[in-house]
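Engineer: Before I ask anything, let me first share the structure, which is written out below as structure tokens.
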Amino acid sequence: MSIWKPHVTVAAIVEREGRFLLVEEHTADGVRLNQPAGHLDEGESLEAACVREALEETAHHVAVDALVGIYQWTRPSGDITYLRFAFAAQASGFEDGRKLDEGIIRAVWLTPEELAAQPERWRSPLVMQCIQDYLAGQRYPLGVIRHYG
């Protein structure tokens with residue numbers, strides 16, 4: 001008997017002067033917008049995964065400040081359920097010329113209004129929801145997450 005498991009992912013919510021760091025990426029559904037996000041690697045803490053994914057997808061170094069929320073979303077096809085940990089983070093450096101992960105077209109900074117105007121380009125509804133929660137001031141201390149091992 002196999003045990004069903006969700007796909008655990010992390011996302012960085014990075015704001016600078018009213019704009020949010022997003023990635024434009026190739027997906028099976030076409031070019032989409034998403035936060036710098038990705039899967040948790042074996043043995044990695046959630047915070048470390050967030051920092052790694054942001055660097056790999058945007059060439060921006062980030063420092064994680066708080067947990068914005070935990071989100072569960074099942075794709076409309078029903079084949080995959082994601083469990084997303086979204087973190088508020090601050091950009092702390094940029095590696096000009098760094099090669100981005102395969103599938104990433106570019107990093108972009110968009111206002112919430114610019115993002116809201118193009119829902120057909122969101123990777124999932126979590127993209128806008130995470131920003132709305134961040135803008136509403138939703139923050140949880142990192143101490144609510146315990147990493148052992």
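In the structure tokens, chains take the letters A, B, ... in the order shown, each chain's residues start at 1, and ligands count up from 1 in the order shown.
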Against region 134-137 of chain A, which residues of region 24-105 of chain A fall within 12 Å? For each one I want the closest pair of atoms and the distance in Å (one decimal), counting only C-alpha atoms, rows by chain and increasing residue number, as a Markdown table.

Structural biologist:
```
| residue | atom | partner | partner_atom | distance |
| --- | --- | --- | --- | --- |
| A:Asp65 | CA | A:Tyr134 | CA | 11.9 |
| A:Ala66 | CA | A:Tyr134 | CA | 10.1 |
| A:Leu67 | CA | A:Tyr134 | CA | 9.5 |
| A:Val68 | CA | A:Tyr134 | CA | 6.1 |
| A:Gly69 | CA | A:Tyr134 | CA | 8.7 |
| A:Ala86 | CA | A:Tyr134 | CA | 9.4 |
| A:Phe87 | CA | A:Tyr134 | CA | 9.1 |
| A:Ala88 | CA | A:Tyr134 | CA | 7.4 |
| A:Ala89 | CA | A:Tyr134 | CA | 10.6 |
```

Engineer: Give me every alpha helix (DSSP H) residue in chain A, going by DSSP on the backbone, as a list in words.

Structural biologist: Leu46, Glu47, Ala48, Ala49, Cys50, Val51, Arg52, Glu53, Ala54, Leu55, Glu56, Glu57, Thr58, Pro112, Glu113, Glu114, Leu115, Ala116, Leu126, Val127, Met128, Gln129, Cys130, Ile131, Gln132, Asp133, Tyr134 and Leu135 of chain A

Engineer: Quick one: residues within 9 Å of Pro119 (chain A), only C-alpha atoms, excluding same-chain residues fewer than 5 positions away - as a compact mmCIF listing (two decimals) with N, CA and C atoms, in the first residue's frame?

Structural biologist:
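Printed below is selection25.txt as written:
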```txt
# COMPACT_ATOMS: atom_id res chain seq x y z
N SER A 124 -0.47 29.60 -10.21
CA SER A 124 -1.59 29.06 -9.43
C SER A 124 -2.26 30.24 -8.73
N PRO A 125 -3.43 30.01 -8.13
CA PRO A 125 -4.07 31.09 -7.38
C PRO A 125 -3.27 31.50 -6.14
N MET A 128 -1.22 35.16 -6.16
CA MET A 128 -1.86 36.41 -5.71
C MET A 128 -2.25 36.33 -4.24
```

Engineer: Closest to Leu142 (chain A) among A:Gln118, A:Gln129, A:Gln72, A:Ser45, using only C-alpha atoms?

Structural biologist: A:Ser45

Engineer: Report as number ranges by chain all protein, DNA and RNA residues lying within 12 Å of region 100-104 of chain A, evaluated on only C-alpha atoms, omitting residues in the same chain fewer than 5 positions from it.

Structural biologist: A: 22-28, 30-38, 52-60, 95
